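Q: Structure file coords.cif (mmCIF, C-alpha atoms and all ligand atoms) right here:
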```cif
data_start
#
loop_
_atom_site.label_atom_id
_atom_site.label_comp_id
_atom_site.auth_asym_id
_atom_site.auth_seq_id
_atom_site.Cartn_x
_atom_site.Cartn_y
_atom_site.Cartn_z
CA MET A 146 75.62 131.08 128.99
CA LYS A 147 78.77 131.47 131.08
CA THR A 148 80.21 128.20 132.40
CA LEU A 149 82.93 127.44 134.94
CA THR A 150 84.07 123.96 135.87
CA VAL A 151 85.17 123.18 139.41
CA ASP A 152 87.50 120.34 138.51
CA LEU A 153 87.82 118.50 141.79
CA PRO A 154 89.36 115.06 141.29
CA GLY A 155 86.53 112.54 140.80
CA ARG A 156 83.84 115.14 141.61
CA PRO A 157 83.93 117.83 138.92
CA TYR A 158 80.92 120.12 138.61
CA ASP A 159 79.81 123.05 136.53
CA ILE A 160 78.63 126.49 137.54
CA LEU A 161 76.19 127.79 134.92
CA ILE A 162 75.35 131.51 134.81
CA GLN A 163 72.55 132.83 132.61
CA ARG A 164 69.55 135.10 132.90
CA GLY A 165 66.34 133.05 132.85
CA LEU A 166 68.16 129.83 133.80
CA LEU A 167 65.51 128.93 136.40
CA ASP A 168 63.26 127.76 133.57
CA GLU A 169 65.94 125.33 132.43
CA ALA A 170 66.65 123.88 135.87
CA GLY A 171 64.97 120.58 134.97
CA ALA A 172 66.96 119.89 131.79
CA HIS A 173 70.30 120.76 133.43
CA THR A 174 69.48 118.64 136.49
CA LYS A 175 68.57 115.72 134.21
CA ALA A 176 71.97 115.98 132.53
CA VAL A 177 73.88 115.54 135.82
CA CYS A 178 71.42 113.24 137.65
CA PRO A 179 70.21 110.92 134.89
CA LYS A 180 69.20 108.14 137.33
CA ALA A 181 67.18 110.38 139.65
CA ARG A 182 63.41 109.94 139.67
CA ARG A 183 62.63 112.45 142.41
CA ILE A 184 64.00 115.92 143.13
CA PHE A 185 63.42 117.19 146.65
CA ALA A 186 63.61 120.97 146.35
CA VAL A 187 64.05 123.15 149.45
CA SER A 188 63.30 126.86 149.65
CA ASP A 189 62.27 129.51 152.14
CA THR A 190 59.13 131.55 152.73
CA ASN A 191 60.43 134.54 150.75
CA VAL A 192 61.91 132.71 147.78
CA ALA A 193 59.35 129.93 147.27
CA PRO A 194 56.47 132.29 146.32
CA LEU A 195 58.74 134.15 143.88
CA TYR A 196 60.49 131.27 142.11
CA GLY A 197 59.26 127.92 143.48
CA GLU A 198 56.61 127.27 140.85
CA ARG A 199 58.92 128.00 137.92
CA VAL A 200 61.55 125.58 139.19
CA LEU A 201 58.99 122.87 139.98
CA THR A 202 57.46 123.20 136.53
CA SER A 203 60.85 122.95 134.87
CA LEU A 204 61.75 119.86 136.92
CA LYS A 205 58.43 118.18 136.13
CA ASP A 206 58.75 119.03 132.44
CA ALA A 207 62.09 117.22 132.49
CA GLY A 208 60.32 114.10 133.79
CA PHE A 209 61.09 114.33 137.52
CA GLU A 210 58.71 113.85 140.38
CA ALA A 211 59.39 117.12 142.16
CA THR A 212 58.34 118.43 145.56
CA LEU A 213 59.07 121.74 147.27
CA HIS A 214 59.72 121.88 151.01
CA VAL A 215 59.46 125.43 152.39
CA ILE A 216 61.09 126.56 155.64
CA PRO A 217 60.86 129.94 157.42
CA SER A 218 63.31 132.47 155.98
CA GLY A 219 66.28 133.66 158.04
CA GLU A 220 69.39 132.44 159.83
CA ALA A 221 67.29 131.10 162.73
CA SER A 222 66.19 128.23 160.46
CA LYS A 223 69.75 126.96 160.02
CA ASN A 224 69.51 124.68 163.05
CA PRO A 225 69.49 120.99 163.98
CA THR A 226 65.71 120.98 164.52
CA GLN A 227 65.04 122.15 160.96
CA LEU A 228 67.64 119.66 159.73
CA ALA A 229 65.86 116.76 161.45
CA GLN A 230 62.52 117.94 160.04
CA LEU A 231 64.07 118.01 156.57
CA TRP A 232 65.37 114.44 156.94
CA GLU A 233 61.90 113.23 157.95
CA ALA A 234 60.24 115.13 155.10
CA MET A 235 62.71 113.58 152.65
CA MET A 236 61.80 110.10 153.85
CA GLU A 237 58.12 110.99 153.77
CA ALA A 238 58.53 112.06 150.12
CA GLY A 239 60.11 108.71 149.29
CA LEU A 240 63.62 110.00 148.50
CA THR A 241 66.03 107.21 147.47
CA ARG A 242 69.81 107.09 147.16
CA THR A 243 69.70 107.84 143.42
CA ASP A 244 67.47 110.91 143.88
CA ALA A 245 68.67 114.46 144.50
CA VAL A 246 68.13 117.50 146.72
CA LEU A 247 67.91 120.97 145.16
CA ALA A 248 68.48 124.18 147.17
CA LEU A 249 66.54 127.19 145.87
CA GLY A 250 67.45 130.22 147.99
CA GLY A 251 70.22 132.07 149.76
CA GLY A 252 73.07 130.77 151.87
CA VAL A 253 70.77 129.63 154.65
CA ILE A 254 68.86 127.27 152.36
CA GLY A 255 72.07 126.14 150.62
CA ASP A 256 73.91 125.37 153.87
CA LEU A 257 70.97 123.63 155.56
CA SER A 258 69.76 121.54 152.62
CA GLY A 259 73.34 120.81 151.56
CA PHE A 260 74.02 119.30 154.98
CA ALA A 261 70.75 117.37 154.74
CA ALA A 262 71.83 116.06 151.30
CA ALA A 263 75.24 115.11 152.68
CA THR A 264 73.75 113.07 155.49
CA ILE A 265 70.40 111.64 154.37
CA LEU A 266 70.82 108.01 153.29
CA ARG A 267 74.58 108.63 153.81
CA GLY A 268 74.61 111.22 151.03
CA VAL A 269 72.57 112.00 147.91
CA ASP A 270 73.23 114.28 144.94
CA PHE A 271 72.84 117.98 145.55
CA ILE A 272 72.04 120.87 143.17
CA GLN A 273 72.51 124.50 144.18
CA VAL A 274 70.24 127.21 142.75
CA PRO A 275 71.44 130.27 144.70
CA THR A 276 69.18 133.34 144.67
CA THR A 277 71.13 135.91 146.73
CA LEU A 278 74.27 137.69 145.60
CA LEU A 279 76.16 136.24 148.58
CA ALA A 280 75.04 132.72 147.73
CA GLN A 281 75.93 133.19 144.04
CA VAL A 282 79.45 134.51 144.66
CA ASP A 283 80.29 132.54 147.77
CA SER A 284 78.21 129.96 149.64
CA SER A 285 76.96 127.87 146.69
CA VAL A 286 80.51 127.15 145.52
CA GLY A 287 83.05 125.12 147.45
CA GLY A 288 81.06 122.45 149.24
CA LYS A 289 80.82 123.82 152.78
CA THR A 290 77.46 122.91 154.35
CA ALA A 291 76.42 123.41 157.96
CA VAL A 292 73.91 124.26 160.63
CA ASP A 293 74.40 126.58 163.59
CA LEU A 294 74.58 125.32 167.16
CA GLN A 295 73.93 127.19 170.38
CA HIS A 296 77.70 127.35 170.77
CA GLY A 297 78.13 129.24 167.51
CA LYS A 298 77.61 129.48 163.76
CA ASN A 299 78.31 126.64 161.32
CA LEU A 300 79.58 124.29 164.03
CA ALA A 301 78.02 121.09 162.66
CA GLY A 302 78.43 120.39 158.98
CA ALA A 303 80.14 118.54 156.16
CA PHE A 304 82.07 119.15 152.98
CA TRP A 305 79.62 118.02 150.31
CA GLN A 306 80.21 119.29 146.80
CA PRO A 307 77.18 119.94 144.59
CA LYS A 308 76.69 118.15 141.27
CA LEU A 309 75.75 121.44 139.63
CA VAL A 310 75.31 125.14 140.48
CA LEU A 311 72.70 127.07 138.49
CA MET A 312 72.77 130.86 138.76
CA ASP A 313 70.02 133.01 137.31
CA PRO A 314 71.16 136.63 137.79
CA ASP A 315 67.59 137.83 137.25
CA THR A 316 66.69 136.47 140.70
CA LEU A 317 68.85 139.24 142.19
CA ASN A 318 66.31 141.84 140.98
CA THR A 319 63.92 140.94 143.80
CA LEU A 320 66.51 141.16 146.59
CA PRO A 321 66.00 143.86 149.21
CA GLU A 322 68.63 146.60 148.85
CA ASP A 323 70.47 145.72 152.07
CA VAL A 324 70.69 142.03 151.13
CA PHE A 325 72.06 142.90 147.69
CA MET A 326 74.68 145.25 149.18
CA ALA A 327 75.66 142.70 151.83
CA GLY A 328 76.60 140.41 148.96
CA MET A 329 78.62 143.26 147.45
CA ALA A 330 80.93 143.19 150.48
CA GLU A 331 82.00 139.68 149.43
CA VAL A 332 82.30 140.81 145.80
CA LEU A 333 84.68 143.62 146.84
CA LYS A 334 86.57 141.06 148.93
CA TYR A 335 87.39 139.00 145.82
CA GLY A 336 88.90 142.08 144.19
CA CYS A 337 90.96 142.80 147.30
CA ILE A 338 92.33 139.28 147.66
CA ARG A 339 92.99 138.23 144.08
CA ASP A 340 92.11 140.73 141.32
CA ALA A 341 93.15 144.39 141.39
CA ALA A 342 91.66 145.14 137.95
CA PHE A 343 88.32 143.72 139.08
CA PHE A 344 88.40 145.96 142.18
CA ALA A 345 89.18 148.97 140.00
CA ASN A 346 86.24 148.11 137.75
CA LEU A 347 83.93 147.84 140.78
CA GLU A 348 85.06 151.30 141.89
CA THR A 349 83.54 152.67 138.69
CA ARG A 350 80.16 150.99 139.43
CA PRO A 351 78.90 152.41 142.72
CA THR A 352 75.20 151.71 142.07
CA ARG A 353 73.11 148.58 141.90
CA ALA A 354 71.96 149.42 138.37
CA ALA A 355 75.55 149.79 137.15
CA LEU A 356 76.54 146.54 138.84
CA MET A 357 73.58 144.64 137.35
CA GLU A 358 74.66 145.75 133.86
CA GLU A 359 77.79 143.64 134.31
CA ILE A 360 76.41 141.03 136.68
CA GLU A 361 77.25 137.91 134.66
CA THR A 362 80.90 138.99 134.45
CA ILE A 363 80.93 139.88 138.15
CA LEU A 364 79.55 136.46 139.10
CA LEU A 365 81.97 134.70 136.77
CA THR A 366 84.98 136.58 138.17
CA CYS A 367 84.06 135.92 141.81
CA CYS A 368 83.24 132.25 141.22
CA GLY A 369 86.46 131.83 139.23
CA ILE A 370 88.51 133.13 142.16
CA LYS A 371 86.60 131.01 144.66
CA ARG A 372 86.93 127.97 142.40
CA ASP A 373 90.72 128.38 142.19
CA VAL A 374 91.07 128.77 145.95
CA VAL A 375 88.84 125.75 146.64
CA LEU A 376 90.78 123.63 144.13
CA ALA A 377 93.99 124.53 145.94
CA ASP A 378 92.59 123.81 149.40
CA GLU A 379 89.20 122.07 149.41
CA ARG A 380 89.32 121.14 153.10
CA ASP A 381 90.27 124.60 154.36
CA THR A 382 93.63 123.81 155.91
CA GLY A 383 95.69 126.48 154.14
CA VAL A 384 95.15 129.09 151.44
CA ARG A 385 91.32 128.91 151.63
CA MET A 386 91.78 131.09 154.69
CA ILE A 387 92.23 134.12 152.40
CA LEU A 388 88.47 133.98 151.70
CA ASN A 389 88.15 135.18 155.28
CA PHE A 390 89.81 138.53 154.54
CA GLY A 391 87.94 141.08 156.68
CA HIS A 392 85.94 138.36 158.40
CA THR A 393 87.92 138.11 161.64
CA VAL A 394 87.36 141.69 162.75
CA GLY A 395 83.98 141.40 160.99
CA HIS A 396 82.98 138.69 163.46
CA ALA A 397 83.81 141.05 166.33
CA TYR A 398 81.56 143.67 164.73
CA GLU A 399 78.70 141.19 164.25
CA LYS A 400 78.98 140.20 167.91
CA ALA A 401 79.16 143.85 169.03
CA GLY A 402 75.78 144.40 167.36
CA ASN A 403 74.35 141.23 168.92
CA TYR A 404 74.06 139.74 165.40
CA GLU A 405 71.07 142.05 164.85
CA LYS A 406 72.37 145.56 164.30
CA TRP A 407 74.87 144.64 161.56
CA SER A 408 74.45 141.99 158.89
CA HIS A 409 77.35 139.70 158.07
CA GLY A 410 78.01 141.67 154.86
CA GLN A 411 78.04 145.01 156.64
CA ALA A 412 80.41 143.63 159.28
CA VAL A 413 82.71 142.21 156.60
CA ALA A 414 82.77 145.56 154.78
CA ALA A 415 84.00 147.37 157.90
CA GLY A 416 86.19 144.36 158.73
CA MET A 417 88.05 144.71 155.42
CA VAL A 418 88.80 148.36 156.16
CA ALA A 419 90.04 147.32 159.62
CA ALA A 420 92.22 144.54 158.16
CA ALA A 421 93.73 147.04 155.73
CA HIS A 422 94.59 149.40 158.62
CA LEU A 423 96.11 146.52 160.55
CA GLY A 424 98.20 145.55 157.51
CA VAL A 425 99.48 149.13 157.14
CA SER A 426 100.40 149.35 160.81
CA LEU A 427 102.40 146.12 160.46
CA GLY A 428 104.20 147.42 157.37
CA ILE A 429 102.62 144.75 155.12
CA THR A 430 99.82 146.65 153.35
CA PRO A 431 100.43 149.74 151.18
CA ALA A 432 99.34 152.92 152.98
CA ASP A 433 96.73 153.97 150.40
CA LEU A 434 94.60 150.83 150.67
CA PRO A 435 92.51 151.55 153.80
CA GLU A 436 91.11 154.73 152.26
CA ARG A 437 90.57 153.07 148.90
CA ILE A 438 88.60 150.18 150.41
CA GLN A 439 86.75 152.59 152.69
CA LYS A 440 85.60 154.67 149.70
CA ALA A 441 84.45 151.56 147.81
CA VAL A 442 82.36 150.24 150.71
CA SER A 443 80.92 153.67 151.56
CA ALA A 444 79.87 154.19 147.93
CA LEU A 445 77.67 151.10 148.32
CA ASN A 446 76.18 152.37 151.59
CA LEU A 447 78.09 149.74 153.54
CA PRO A 448 79.67 150.82 156.85
CA ALA A 449 83.42 151.46 156.86
CA HIS A 450 83.67 151.60 160.64
CA ILE A 451 81.73 149.85 163.44
CA PRO A 452 82.38 150.48 167.12
CA CYS A 453 83.16 147.43 169.23
CA SER A 454 84.66 146.65 172.63
CA TRP A 455 88.25 145.50 173.13
CA GLU A 456 86.78 142.32 174.60
CA ASP A 457 84.76 141.52 171.45
CA LEU A 458 87.74 142.28 169.26
CA THR A 459 90.19 140.03 171.11
CA HIS A 460 87.59 137.26 171.39
CA ALA A 461 86.96 137.22 167.62
CA ILE A 462 90.67 136.96 166.95
CA ALA A 463 91.07 134.34 169.71
CA LEU A 464 93.59 136.63 171.41
CA ASP A 465 91.72 136.10 174.65
CA LYS A 466 92.66 132.42 174.66
CA LYS A 467 95.99 132.08 176.41
CA GLY A 468 98.78 130.23 174.69
CA ALA A 469 101.73 132.45 175.36
CA GLY A 470 104.13 133.01 172.52
CA ALA A 471 101.97 131.08 170.05
CA ASN A 472 101.87 132.47 166.53
CA MET A 473 98.57 133.67 165.09
CA ARG A 474 97.63 133.79 161.41
CA VAL A 475 95.76 136.76 159.99
CA VAL A 476 94.82 137.49 156.38
CA LEU A 477 96.41 140.73 155.15
CA LEU A 478 96.82 142.45 151.80
CA THR A 479 100.37 142.75 150.47
CA LYS A 480 98.94 144.89 147.65
CA MET A 481 95.56 145.52 146.10
CA GLY A 482 94.57 142.17 144.54
CA TRP A 483 96.75 139.98 146.72
CA ALA A 484 96.02 138.56 150.19
CA GLU A 485 98.17 136.22 152.22
CA PRO A 486 97.85 134.51 155.57
CA VAL A 487 100.52 136.20 157.69
CA SER A 488 101.95 134.62 160.81
CA LEU A 489 102.45 137.03 163.73
CA THR A 490 103.36 136.55 167.33
CA ARG A 491 100.49 137.04 169.75
CA GLU A 492 102.34 140.06 171.22
CA GLN A 493 102.80 141.66 167.77
CA LEU A 494 99.15 141.26 166.84
CA GLU A 495 97.80 142.32 170.21
CA GLY A 496 100.09 145.37 170.36
CA GLN A 497 99.11 146.69 166.93
CA LEU A 498 95.43 145.99 167.43
CA ARG A 499 95.40 147.67 170.83
CA LYS A 500 97.04 150.77 169.35
CA LEU A 501 94.54 150.95 166.47
CA TRP A 502 91.61 150.28 168.81
CA GLU A 503 92.74 153.05 171.23
CA GLU A 504 93.07 155.46 168.30
CA GLY A 505 89.50 154.53 167.23
CA VAL A 506 90.73 153.27 163.85
CA ILE A 507 89.43 149.74 164.53
CA GLY A 508 86.29 149.29 166.61
P1 LIG B 1 69.71 134.17 153.43
O1 LIG B 1 69.71 132.84 152.82
O2 LIG B 1 69.10 134.30 154.78
O3 LIG B 1 69.02 135.20 152.43
C1 LIG B 1 68.87 136.53 152.82
C2 LIG B 1 67.42 137.00 152.69
O4 LIG B 1 67.10 137.13 151.31
C3 LIG B 1 66.41 136.00 153.26
O5 LIG B 1 65.38 136.72 153.87
C4 LIG B 1 65.87 135.30 152.01
O6 LIG B 1 64.58 134.81 152.21
C5 LIG B 1 65.91 136.41 151.00
N1 LIG B 1 66.02 136.03 149.60
C6 LIG B 1 66.83 135.11 149.08
N2 LIG B 1 66.79 135.16 147.74
C7 LIG B 1 65.91 136.13 147.42
C8 LIG B 1 65.47 136.69 146.19
N3 LIG B 1 65.97 136.29 145.02
N4 LIG B 1 64.56 137.69 146.23
C9 LIG B 1 64.08 138.14 147.43
N5 LIG B 1 64.49 137.68 148.61
C10 LIG B 1 65.40 136.69 148.61
O7 LIG B 1 71.19 134.75 153.58
P2 LIG B 1 72.44 134.82 152.60
O8 LIG B 1 73.04 136.14 152.85
O9 LIG B 1 72.11 134.41 151.22
O10 LIG B 1 73.39 133.69 153.21
C11 LIG B 1 73.88 133.77 154.53
C12 LIG B 1 74.22 132.39 155.00
O11 LIG B 1 75.24 131.85 154.15
C13 LIG B 1 74.79 132.33 156.41
O12 LIG B 1 74.15 131.31 157.12
C14 LIG B 1 76.25 132.00 156.22
O13 LIG B 1 76.79 131.25 157.27
C15 LIG B 1 76.20 131.19 154.95
N6 LIG B 1 77.47 131.16 154.18
C16 LIG B 1 77.93 129.96 153.81
C17 LIG B 1 79.10 129.87 153.07
C18 LIG B 1 79.57 128.53 152.58
O14 LIG B 1 80.69 128.46 152.06
N7 LIG B 1 78.79 127.50 152.72
C19 LIG B 1 79.80 131.03 152.72
C20 LIG B 1 79.29 132.25 153.12
C21 LIG B 1 78.11 132.31 153.86
N1 LIG B 2 83.22 131.29 152.68
C1 LIG B 2 84.46 130.71 153.04
C2 LIG B 2 84.75 129.39 152.38
O1 LIG B 2 84.02 128.89 151.59
O2 LIG B 2 85.77 128.84 152.69
#
```
With the file now loaded, output its structure as structure tokens.
Ligand code: NAD
Ligand code: GLY

A:
Amino acid sequence: MKTLTVDLPGRPYDILIQRGLLDEAGAHTKAVCPKARRIFAVSDTNVAPLYGERVLTSLKDAGFEATLHVIPSGEASKNPTQLAQLWEAMMEAGLTRTDAVLALGGGVIGDLSGFAAATILRGVDFIQVPTTLLAQVDSSVGGKTAVDLQHGKNLAGAFWQPKLVLMDPDTLNTLPEDVFMAGMAEVLKYGCIRDAAFFANLETRPTRAALMEEIETILLTCCGIKRDVVLADERDTGVRMILNFGHTVGHAYEKAGNYEKWSHGQAVAAGMVAAAHLGVSLGITPADLPERIQKAVSALNLPAHIPCSWEDLTHAIALDKKGAGANMRVVLLTKMGWAEPVSLTREQLEGQLRKLWEEGVIG
């Protein structure tokens, strides 16, 4: 078993990584929620049939009264209507303040049920059992929970740290190829922002099979980086911004495809290449990095370039909002394995972006 502790003052929690861990979910939950009688598990229509019964059995074997609430899979479920239905179902099940909510699924289930746990009865314990690569390396760690509003993604939410994160890498075997590779975009991101040796190791593993051989170490490395960033800036007012490397241009790409053509992971992959080009043009990023990142994403069948309009690009970077002279912060690589938020004048950023966009390098 690989273990990492997220040592937040007064709210420490462990991340446990081990193949087959789903069958031990009950015992580990008991250890962190000794007073809980009921566990309200939440999953989606793809994950529940695959893993729901195993987790329920393990919880019941550990002495819990356990129920499984299943919601339709997909981002469309991460909304206030589903949240309200979850609250009602929790009350219907008899959840009390000493009980706990368990998320079994990807980032959608984690974000939605985490927000429900943060708000029901003014907050109950929360266990994350992430089953996608993205959820294991990113969304299950760090305490961000949210639902989407009509005005945009993740606009209503709370910081609510889990009591425990249980990762069973075997669950990744049932992921569709594109969902697995979307998670790999975030894995590559960790190498770019904080660990050059890790990135170099990933370059030697361009297939899913080769990555799965080392998956425990990959998960541990990514979660270790995320843990350190979250410990430095839990509330996302400073350095946590580096986790968004590639995401700003990525958002423009997602929008350009109407959030249908390109998944978040695909958009982030191309967004990292774009951010590397931007860094080179500003004299901050070494000249060899765009091609290096491009090769790594292409090897995983992720796109290295996505066309988008100048309007989408400036909107994603908030360049379209006037505020003359104001400085803007963008996350750029100063070398492979090191990202920093860099402050630029609006004119500097707009000028470089426009040049790269006209050359067809970005968008
Ligand atoms: P997801 O939860 O929609 O899962 C992707 C697909 O995989 C779904 O169809 C799901 O049913 C299926 N699936 C999940 N596990 C499976 C398994 N083991 N086998 C087979 N199919 C499985 O999406 P995601 O990519 O995991 O997460 C995306 C969400 O995460 C977004 O809503 C995003 O905003 C959020 N997110 C949150 C944070 C955070 O810090 N809270 C960080 C990054 C992303
Ligand atoms: N995924 C970005 C964050 O957790 O801050």

Q: At a cut-off of 12 Å, using all atoms listed in the file, what residues contact region 499-503 of chain A? Leave out same-chain residues fewer than 5 positions from it and give the result as a PyMOL selection string.

A: chain A and resi 394+419-427+450-459+464+491-494+508

Q: Name each residue within 9 Å of ligand LIG 2 (chain B), counting all atoms listed in the file, as a ChimeraX atom specification.

A: /A:283-289,371,374-375,379-381,385-389

Q: Do a neighbour search on region 235-247 of chain A at 8 Å with all atoms listed in the file, toss out local chain neighbours closer than 5 positions, and write the hits as a PyMOL selection string.

A: chain A and resi 178+180-187+212+258-259+262+266+268-274

Q: Using all atoms listed in the file for the distances, tell me which of A:Val253, A:Leu300, A:Leu309, A:Ile265 is nearest to Ile160 (chain A).

A: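 The closest residue to Ile160 (chain A) is A:Leu309.
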
Q: Which protein, DNA or RNA residues have an atom within 7 Å of ligand LIG 1 (chain B), counting only C-alpha atoms and all ligand atoms, as a VMD selection string?

A: chain A and resid 189 to 192 218 to 220 223 250 to 254 256 276 to 280 283 to 290 298 to 299 316 to 321 324 328

Q: So how many Å separate CA of Leu249 (chain A) and CA of Gly165 (chain A), to one decimal?

A: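 These two atoms are separated by 14.3 Å.
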
Q: Counting all atoms listed in the file, which residues have an atom no more than 7 Å from (94.4, 145.5, 147.3) in the file's coordinates? Please list them as a PDB file with C-alpha atoms, in the coordinates of the input.

A:
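As written to disk, result-v9.pdb reads:
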```
ATOM      1  CA  CYS A 337      90.960 142.800 147.300  1.00  0.00           C
ATOM      2  CA  ILE A 338      92.330 139.280 147.660  1.00  0.00           C
ATOM      3  CA  ALA A 341      93.150 144.390 141.390  1.00  0.00           C
ATOM      4  CA  LEU A 434      94.600 150.830 150.670  1.00  0.00           C
ATOM      5  CA  LEU A 478      96.820 142.450 151.800  1.00  0.00           C
ATOM      6  CA  LYS A 480      98.940 144.890 147.650  1.00  0.00           C
ATOM      7  CA  MET A 481      95.560 145.520 146.100  1.00  0.00           C
ATOM      8  CA  GLY A 482      94.570 142.170 144.540  1.00  0.00           C
ATOM      9  CA  TRP A 483      96.750 139.980 146.720  1.00  0.00           C
TER      10      TRP A 483
END
```

Q: Taking all atoms of region 204-209 of chain A that the file lists and extending 3 Å past them on each side, where is the centre of the axis-aligned box and how long are its edges? Answer in Å to one decimal, as lines of an AutoDock Vina configuration file.

A:
```
center_x = 60.3
center_y = 117.0
center_z = 135.0
size_x = 9.7
size_y = 11.8
size_z = 11.1
```

Q: So how many Å separate CA of Ala441 (chain A) and CA of Leu376 (chain A), to one decimal?

A: 28.9 Å

Q: Do you know which residues are at most 12 Å from Ala176 (chain A) counting all atoms listed in the file, after dropping those on the same chain fewer than 6 positions away, and could you put them as an mmCIF file with C-alpha atoms, in the frame of the given file?

A:
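So part.cif came out as:
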```
data_model
loop_
_atom_site.group_PDB
_atom_site.id
_atom_site.type_symbol
_atom_site.label_atom_id
_atom_site.label_comp_id
_atom_site.auth_asym_id
_atom_site.auth_seq_id
_atom_site.Cartn_x
_atom_site.Cartn_y
_atom_site.Cartn_z
ATOM 1 C CA TYR A 158 80.920 120.120 138.610
ATOM 2 C CA ASP A 159 79.810 123.050 136.530
ATOM 3 C CA GLU A 169 65.940 125.330 132.430
ATOM 4 C CA ALA A 170 66.650 123.880 135.870
ATOM 5 C CA LEU A 204 61.750 119.860 136.920
ATOM 6 C CA ALA A 207 62.090 117.220 132.490
ATOM 7 C CA GLY A 208 60.320 114.100 133.790
ATOM 8 C CA ILE A 272 72.040 120.870 143.170
ATOM 9 C CA LYS A 308 76.690 118.150 141.270
ATOM 10 C CA LEU A 309 75.750 121.440 139.630
#
```

Q: Grab the CA of Phe390 (chain A) to CA of Gln497 (chain A) distance for me, in Å with one decimal place.

A: 17.5 Å

Q: Write out as a ChimeraX atom specification which residues come within 12 Å of Gln163 (chain A) when counting all atoms listed in the file, dropping same-chain ones fewer than 5 positions away.

A: /A:146-149,168-170,274,281,310-316,360-362,364-365

Q: Go through A:Leu445, A:Leu477, A:Leu195, A:Leu167 and flag the residue nearest Gly416 (chain A), using all atoms listed in the file for the distances.

A: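 Answer, going by the shortest atom-to-atom distance: A:Leu477.
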
Q: From the options A:Ala354, A:Ala229, A:Val418, A:Ala211, which residue's atoms come nearest to Glu322 (chain A), counting all atoms listed in the file?

A: A:Ala354

Q: May I ask which of the residues A:Ala377, A:Thr382, A:Val332, A:Val506 is the closest one to Ile363 (chain A), counting only C-alpha atoms?

A: A:Val332

Q: Complete region 322-332 of chain A with N, CA, C and O atoms (output as a PDB file, in the frame of the given file).

A:
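Here's the written file result31.pdb:
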```pdb
ATOM      1  N   GLU A 322      67.387 145.859 149.075  1.00  0.00           N
ATOM      2  CA  GLU A 322      68.630 146.600 148.850  1.00  0.00           C
ATOM      3  C   GLU A 322      69.756 146.178 149.808  1.00  0.00           C
ATOM      4  O   GLU A 322      70.897 145.965 149.401  1.00  0.00           O
ATOM      5  N   ASP A 323      69.402 146.037 151.103  1.00  0.00           N
ATOM      6  CA  ASP A 323      70.470 145.720 152.070  1.00  0.00           C
ATOM      7  C   ASP A 323      71.036 144.321 151.840  1.00  0.00           C
ATOM      8  O   ASP A 323      72.232 144.088 152.048  1.00  0.00           O
ATOM      9  N   VAL A 324      70.204 143.398 151.381  1.00  0.00           N
ATOM     10  CA  VAL A 324      70.690 142.030 151.130  1.00  0.00           C
ATOM     11  C   VAL A 324      71.596 142.029 149.895  1.00  0.00           C
ATOM     12  O   VAL A 324      72.641 141.365 149.867  1.00  0.00           O
ATOM     13  N   PHE A 325      71.213 142.792 148.880  1.00  0.00           N
ATOM     14  CA  PHE A 325      72.060 142.900 147.690  1.00  0.00           C
ATOM     15  C   PHE A 325      73.426 143.479 148.078  1.00  0.00           C
ATOM     16  O   PHE A 325      74.483 142.948 147.722  1.00  0.00           O
ATOM     17  N   MET A 326      73.409 144.574 148.842  1.00  0.00           N
ATOM     18  CA  MET A 326      74.680 145.250 149.180  1.00  0.00           C
ATOM     19  C   MET A 326      75.535 144.399 150.126  1.00  0.00           C
ATOM     20  O   MET A 326      76.758 144.446 150.066  1.00  0.00           O
ATOM     21  N   ALA A 327      74.885 143.603 150.975  1.00  0.00           N
ATOM     22  CA  ALA A 327      75.660 142.700 151.830  1.00  0.00           C
ATOM     23  C   ALA A 327      76.476 141.732 150.956  1.00  0.00           C
ATOM     24  O   ALA A 327      77.641 141.439 151.242  1.00  0.00           O
ATOM     25  N   GLY A 328      75.874 141.283 149.889  1.00  0.00           N
ATOM     26  CA  GLY A 328      76.600 140.410 148.960  1.00  0.00           C
ATOM     27  C   GLY A 328      77.747 141.147 148.296  1.00  0.00           C
ATOM     28  O   GLY A 328      78.808 140.570 148.002  1.00  0.00           O
ATOM     29  N   MET A 329      77.546 142.467 148.082  1.00  0.00           N
ATOM     30  CA  MET A 329      78.620 143.260 147.450  1.00  0.00           C
ATOM     31  C   MET A 329      79.878 143.326 148.305  1.00  0.00           C
ATOM     32  O   MET A 329      80.981 143.496 147.785  1.00  0.00           O
ATOM     33  N   ALA A 330      79.729 143.195 149.624  1.00  0.00           N
ATOM     34  CA  ALA A 330      80.930 143.190 150.480  1.00  0.00           C
ATOM     35  C   ALA A 330      81.823 142.020 150.080  1.00  0.00           C
ATOM     36  O   ALA A 330      83.048 142.156 149.975  1.00  0.00           O
ATOM     37  N   GLU A 331      81.198 140.865 149.821  1.00  0.00           N
ATOM     38  CA  GLU A 331      82.000 139.680 149.430  1.00  0.00           C
ATOM     39  C   GLU A 331      82.560 139.880 148.017  1.00  0.00           C
ATOM     40  O   GLU A 331      83.670 139.441 147.724  1.00  0.00           O
ATOM     41  N   VAL A 332      81.803 140.549 147.166  1.00  0.00           N
ATOM     42  CA  VAL A 332      82.300 140.810 145.800  1.00  0.00           C
ATOM     43  C   VAL A 332      83.559 141.682 145.865  1.00  0.00           C
ATOM     44  O   VAL A 332      84.580 141.386 145.225  1.00  0.00           O
TER      45      VAL A 332
END
```
